[in-house]
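Data file: final.tsv. Format and content: TSV, C-alpha atoms.
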chain	number	residue	atom	x	y	z
Y	1	MET	CA	110.58	-6.97	44.25
Y	2	LEU	CA	111.69	-6.66	40.66
Y	3	PRO	CA	113.23	-9.51	38.63
Y	4	GLY	CA	116.76	-10.43	39.68
Y	5	ASN	CA	116.10	-9.51	43.31
Y	6	VAL	CA	116.68	-5.78	42.69
Y	7	ASN	CA	114.74	-3.59	45.05
Y	8	PRO	CA	112.99	-0.46	43.73
Y	9	ARG	CA	115.53	1.85	45.38
Y	10	GLN	CA	118.45	0.13	43.66
Y	11	MET	CA	116.57	0.19	40.36
Y	12	LYS	CA	115.96	3.93	40.69
Y	13	ALA	CA	119.66	4.52	41.45
Y	14	MET	CA	120.72	2.43	38.43
Y	15	MET	CA	118.31	4.31	36.18
Y	16	LYS	CA	119.66	7.64	37.41
Y	17	LYS	CA	123.21	6.45	36.74
Y	18	LEU	CA	122.22	5.54	33.16
Y	19	GLY	CA	120.64	8.95	32.66
Y	20	MET	CA	117.09	7.62	32.65
Y	21	ASN	CA	114.26	9.67	34.05
Y	22	VAL	CA	110.78	8.15	34.44
Y	23	GLU	CA	107.85	10.33	35.45
Y	24	PRO	CA	104.11	9.69	35.45
Y	25	ILE	CA	101.96	12.27	33.70
Y	26	GLU	CA	99.15	13.17	36.09
Y	27	ASP	CA	95.48	13.85	35.39
Y	28	VAL	CA	95.41	12.60	31.78
Y	29	GLN	CA	91.91	13.18	30.45
Y	30	GLU	CA	92.10	11.77	26.92
Y	31	ILE	CA	94.62	10.42	24.42
Y	32	VAL	CA	93.81	10.32	20.70
Y	33	ILE	CA	95.77	8.36	18.09
Y	34	LYS	CA	94.60	9.00	14.51
Y	35	THR	CA	95.28	6.58	11.67
Y	36	PRO	CA	93.89	6.37	8.11
Y	37	LYS	CA	91.67	3.47	9.22
Y	38	GLY	CA	90.23	5.28	12.24
Y	39	THR	CA	90.95	6.80	15.63
Y	40	TYR	CA	91.96	5.15	18.89
Y	41	VAL	CA	90.64	7.10	21.87
Y	42	PHE	CA	91.83	6.42	25.41
Y	43	ASP	CA	89.30	8.10	27.72
Y	44	ALA	CA	91.15	7.13	30.88
Y	45	ALA	CA	94.77	6.05	30.72
Y	46	GLU	CA	97.91	5.98	32.78
Y	47	VAL	CA	100.78	7.68	30.97
Y	48	THR	CA	104.46	7.51	31.86
Y	49	ALA	CA	107.19	9.55	30.20
Y	50	MET	CA	110.67	8.02	30.10
Y	51	THR	CA	113.60	10.16	29.00
Y	52	MET	CA	116.91	8.51	28.14
Y	53	GLN	CA	119.77	10.07	26.20
Y	54	GLY	CA	117.61	13.04	25.23
Y	55	VAL	CA	114.80	10.95	23.76
Y	56	THR	CA	111.42	10.83	25.49
Y	57	THR	CA	109.22	7.75	25.14
Y	58	TYR	CA	105.62	7.64	26.34
Y	59	GLN	CA	103.93	4.53	27.65
Y	60	ILE	CA	100.13	4.41	27.60
Y	61	VAL	CA	98.26	1.91	29.74
Y	62	GLY	CA	94.50	1.72	29.22
Y	63	GLN	CA	91.71	0.38	27.06
Y	64	PRO	CA	91.03	2.36	23.86
Y	65	ARG	CA	87.82	2.56	21.92
Y	66	PHE	CA	88.05	2.56	18.13
Y	67	VAL	CA	86.18	5.22	16.15
Y	68	GLU	CA	85.88	4.73	12.41
Y	69	PRO	CA	86.40	7.84	10.29
Y	70	ALA	CA	83.29	9.70	9.20
Y	71	LEU	CA	82.45	9.14	5.57
Y	72	GLU	CA	82.27	12.42	3.65
Y	73	ILE	CA	80.07	12.16	0.60
Y	74	PRO	CA	80.36	14.93	-2.02
Y	75	ALA	CA	77.15	16.81	-2.82
Y	76	GLU	CA	77.55	16.07	-6.52
Y	77	ASP	CA	77.56	12.31	-5.78
Y	78	ILE	CA	74.29	12.68	-3.85
Y	79	THR	CA	72.74	14.69	-6.70
Y	80	MET	CA	73.87	12.16	-9.32
Y	81	VAL	CA	72.55	9.14	-7.38
Y	82	ALA	CA	69.22	10.90	-6.69
Y	83	ALA	CA	68.81	11.74	-10.40
Y	84	GLN	CA	69.82	8.29	-11.66
Y	85	ALA	CA	67.65	6.39	-9.16
Y	86	GLY	CA	64.77	8.88	-9.25
Y	87	VAL	CA	64.70	9.37	-5.49
Y	88	PRO	CA	64.97	12.34	-3.14
Y	89	GLU	CA	68.49	13.46	-2.16
Y	90	ASP	CA	68.11	12.31	1.47
Y	91	ALA	CA	67.41	8.76	0.24
Y	92	ALA	CA	70.39	8.99	-2.12
Y	93	LYS	CA	72.62	10.14	0.72
Y	94	GLY	CA	71.41	7.28	2.93
Y	95	ALA	CA	72.20	4.77	0.19
Y	96	LEU	CA	75.66	6.26	-0.35
Y	97	VAL	CA	76.41	6.06	3.37
Y	98	ALA	CA	75.19	2.44	3.47
Y	99	THR	CA	77.40	1.54	0.50
Y	100	LYS	CA	80.39	3.52	1.84
Y	101	GLY	CA	80.28	5.94	-1.08
Y	102	ASP	CA	79.94	3.38	-3.87
Y	103	ILE	CA	77.82	5.27	-6.43
Y	104	ALA	CA	76.94	2.30	-8.65
Y	105	GLU	CA	75.92	0.12	-5.73
Y	106	ALA	CA	73.84	2.93	-4.22
Y	107	ILE	CA	71.96	3.42	-7.50
Y	108	MET	CA	71.37	-0.34	-7.82
Y	109	ARG	CA	70.04	-0.59	-4.26
Y	110	LEU	CA	67.71	2.34	-4.68
Y	111	SER	CA	66.46	1.05	-8.04
Y	112	GLN	CA	65.72	-2.35	-6.53
Y	113	GLU	CA	63.89	-0.80	-3.58
Y	114	LYS	CA	61.59	1.11	-5.93
Y	115	LYS	CA	60.38	-2.14	-7.54

Using the file provided, produce a representation of the structure as structure tokens.
Amino acid sequence: MLPGNVNPRQMKAMMKKLGMNVEPIEDVQEIVIKTPKGTYVFDAAEVTAMTMQGVTTYQIVGQPRFVEPALEIPAEDITMVAAQAGVPEDAAKGALVATKGDIAEAIMRLSQEKK
């Protein structure tokens, strides 16, 4: 029973009268929501589409996992850090990844490690 003692049949009739159409979307395999801070991935979710007055709204029910965006480090940054710290480029790249692209911090870390 739904709130207010309305049975599901009556609710469906009222929704139809209001021009609402609710349909589940079957066999959803994955839902991806991308933001500047990262990506929300729903591997298994229940999705319902509700259309009312020509506007469709989607409801997602499930547990997402959050994936942080991959850090892209320019080749010239790697070359500069390697030259300044006197280390191979793979070490420079590792330091840049660890410092989230902060060139000065990467050089300082690598210089301290050499001591």

Shell around Thr39 of chain Y at 6 Å using only C-alpha atoms, local window under 3 positions removed, as a PyMOL selection string = chain Y and resi 33-35+66-67

Can you pull out every residue within 12 Å of Lys12 of chain Y, counting only C-alpha atoms, but drop anything in the same chain fewer than 4 positions away, and send it as a list of chain:residue names?
-> Y:Leu2, Y:Val6, Y:Asn7, Y:Pro8, Y:Lys16, Y:Lys17, Y:Leu18, Y:Gly19, Y:Met20, Y:Asn21, Y:Val22, Y:Glu23

Please produce a file of those selected residues containing C-alpha atoms, as a PDB file, keeping the file's coordinate frame.
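That gives us out-v5.pdb:
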ATOM      1  CA  LEU Y   2     111.690  -6.660  40.660  1.00  0.00           C
ATOM      2  CA  VAL Y   6     116.680  -5.780  42.690  1.00  0.00           C
ATOM      3  CA  ASN Y   7     114.740  -3.590  45.050  1.00  0.00           C
ATOM      4  CA  PRO Y   8     112.990  -0.460  43.730  1.00  0.00           C
ATOM      5  CA  LYS Y  16     119.660   7.640  37.410  1.00  0.00           C
ATOM      6  CA  LYS Y  17     123.210   6.450  36.740  1.00  0.00           C
ATOM      7  CA  LEU Y  18     122.220   5.540  33.160  1.00  0.00           C
ATOM      8  CA  GLY Y  19     120.640   8.950  32.660  1.00  0.00           C
ATOM      9  CA  MET Y  20     117.090   7.620  32.650  1.00  0.00           C
ATOM     10  CA  ASN Y  21     114.260   9.670  34.050  1.00  0.00           C
ATOM     11  CA  VAL Y  22     110.780   8.150  34.440  1.00  0.00           C
ATOM     12  CA  GLU Y  23     107.850  10.330  35.450  1.00  0.00           C
TER      13      GLU Y  23
END

Selection near segment 97-102 of chain Y, 9 Å with all atoms listed in the file, sequence-local residues under 3 positions removed, as a ChimeraX atom specification | /Y:71-73,77,92-94,105-107

Counting all atoms listed in the file, the residue among Y:Thr57, Y:Arg9, Y:Pro69, Y:Thr48 that lies closest to Pro24 of chain Y is Y:Thr48

Tell me which protein, DNA and RNA residues are within 10 Å of Gly62 of chain Y, counting all atoms listed in the file, leaving out same-chain ones fewer than 4 positions away, and put them as a PyMOL selection string.
-> chain Y and resi 31+41-47

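Compared by their closest atoms to Gly38 of chain Y, and using all atoms listed in the file, the residues Y:Ser111, Y:Gln84, Y:Arg65, Y:Ala75 rank with Y:Arg65 nearest.
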
Check the smallest atom-to-atom distance from each of Y:Leu110, Y:Ile25, Y:Ile103, Y:Met50 to Ala85 of chain Y using all atoms listed in the file, then report the winner.
->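 Smallest distance to Ala85 of chain Y is found for Y:Leu110.
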
Separation of atom CA of Glu68 of chain Y from atom CA of Met108 of chain Y in Å |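 Atom CA of Met108 of chain Y sits 25.4 Å away from atom CA of Glu68 of chain Y.
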
How many Å lie between atom CA of Ala91 of chain Y and atom CA of Ala104 of chain Y, rounded to one decimal?
->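 Here the two named atoms are 14.5 Å from each other.
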
So what do you get for atom CA of Ala95 of chain Y versus atom CA of Ala82 of chain Y, distance-wise?
->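 For atom CA of Ala95 of chain Y relative to atom CA of Ala82 of chain Y, the distance reads 9.7 Å.
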
Centre and size of axis-aligned box enclosing segment 111-114 of chain Y plus 8 Å each side, as AutoDock Vina command-line options:
--center_x 64.0 --center_y -0.6 --center_z -5.8 --size_x 20.9 --size_y 19.5 --size_z 20.5

With only C-alpha atoms as the atoms that count, which of Y:Met52, Y:Val87, Y:Ile78, Y:Leu96 lies nearest to Met15 of chain Y?
-> Y:Met52

Start from the incomplete input, build N, CA and C atoms for segment 44-56 of chain Y, and deliver everything as a PDB file, in the frame of the given file.
ATOM      1  N   ALA Y  44      90.461   7.125  29.588  1.00  0.00           N
ATOM      2  CA  ALA Y  44      91.150   7.130  30.880  1.00  0.00           C
ATOM      3  C   ALA Y  44      92.382   6.244  30.713  1.00  0.00           C
ATOM      4  N   ALA Y  45      93.538   6.826  30.913  1.00  0.00           N
ATOM      5  CA  ALA Y  45      94.770   6.050  30.720  1.00  0.00           C
ATOM      6  C   ALA Y  45      95.839   6.532  31.680  1.00  0.00           C
ATOM      7  N   GLU Y  46      96.740   5.626  31.988  1.00  0.00           N
ATOM      8  CA  GLU Y  46      97.910   5.980  32.780  1.00  0.00           C
ATOM      9  C   GLU Y  46      99.036   6.214  31.776  1.00  0.00           C
ATOM     10  N   VAL Y  47      99.718   7.341  31.899  1.00  0.00           N
ATOM     11  CA  VAL Y  47     100.780   7.680  30.970  1.00  0.00           C
ATOM     12  C   VAL Y  47     102.064   7.924  31.747  1.00  0.00           C
ATOM     13  N   THR Y  48     103.141   7.330  31.260  1.00  0.00           N
ATOM     14  CA  THR Y  48     104.460   7.510  31.860  1.00  0.00           C
ATOM     15  C   THR Y  48     105.402   8.011  30.777  1.00  0.00           C
ATOM     16  N   ALA Y  49     106.199   9.025  31.126  1.00  0.00           N
ATOM     17  CA  ALA Y  49     107.190   9.550  30.200  1.00  0.00           C
ATOM     18  C   ALA Y  49     108.566   9.099  30.667  1.00  0.00           C
ATOM     19  N   MET Y  50     109.328   8.469  29.770  1.00  0.00           N
ATOM     20  CA  MET Y  50     110.670   8.020  30.100  1.00  0.00           C
ATOM     21  C   MET Y  50     111.648   8.729  29.173  1.00  0.00           C
ATOM     22  N   THR Y  51     112.590   9.448  29.777  1.00  0.00           N
ATOM     23  CA  THR Y  51     113.600  10.160  29.000  1.00  0.00           C
ATOM     24  C   THR Y  51     114.945   9.478  29.212  1.00  0.00           C
ATOM     25  N   MET Y  52     115.589   9.134  28.084  1.00  0.00           N
ATOM     26  CA  MET Y  52     116.910   8.510  28.140  1.00  0.00           C
ATOM     27  C   MET Y  52     117.708   9.007  26.953  1.00  0.00           C
ATOM     28  N   GLN Y  53     118.871   9.540  27.219  1.00  0.00           N
ATOM     29  CA  GLN Y  53     119.770  10.070  26.200  1.00  0.00           C
ATOM     30  C   GLN Y  53     119.079  11.105  25.322  1.00  0.00           C
ATOM     31  N   GLY Y  54     118.260  11.950  25.949  1.00  0.00           N
ATOM     32  CA  GLY Y  54     117.610  13.040  25.230  1.00  0.00           C
ATOM     33  C   GLY Y  54     116.372  12.666  24.443  1.00  0.00           C
ATOM     34  N   VAL Y  55     115.979  11.407  24.487  1.00  0.00           N
ATOM     35  CA  VAL Y  55     114.800  10.950  23.760  1.00  0.00           C
ATOM     36  C   VAL Y  55     113.721  10.580  24.784  1.00  0.00           C
ATOM     37  N   THR Y  56     112.530  11.118  24.584  1.00  0.00           N
ATOM     38  CA  THR Y  56     111.420  10.830  25.490  1.00  0.00           C
ATOM     39  C   THR Y  56     110.473   9.831  24.839  1.00  0.00           C
TER      40      THR Y  56
END
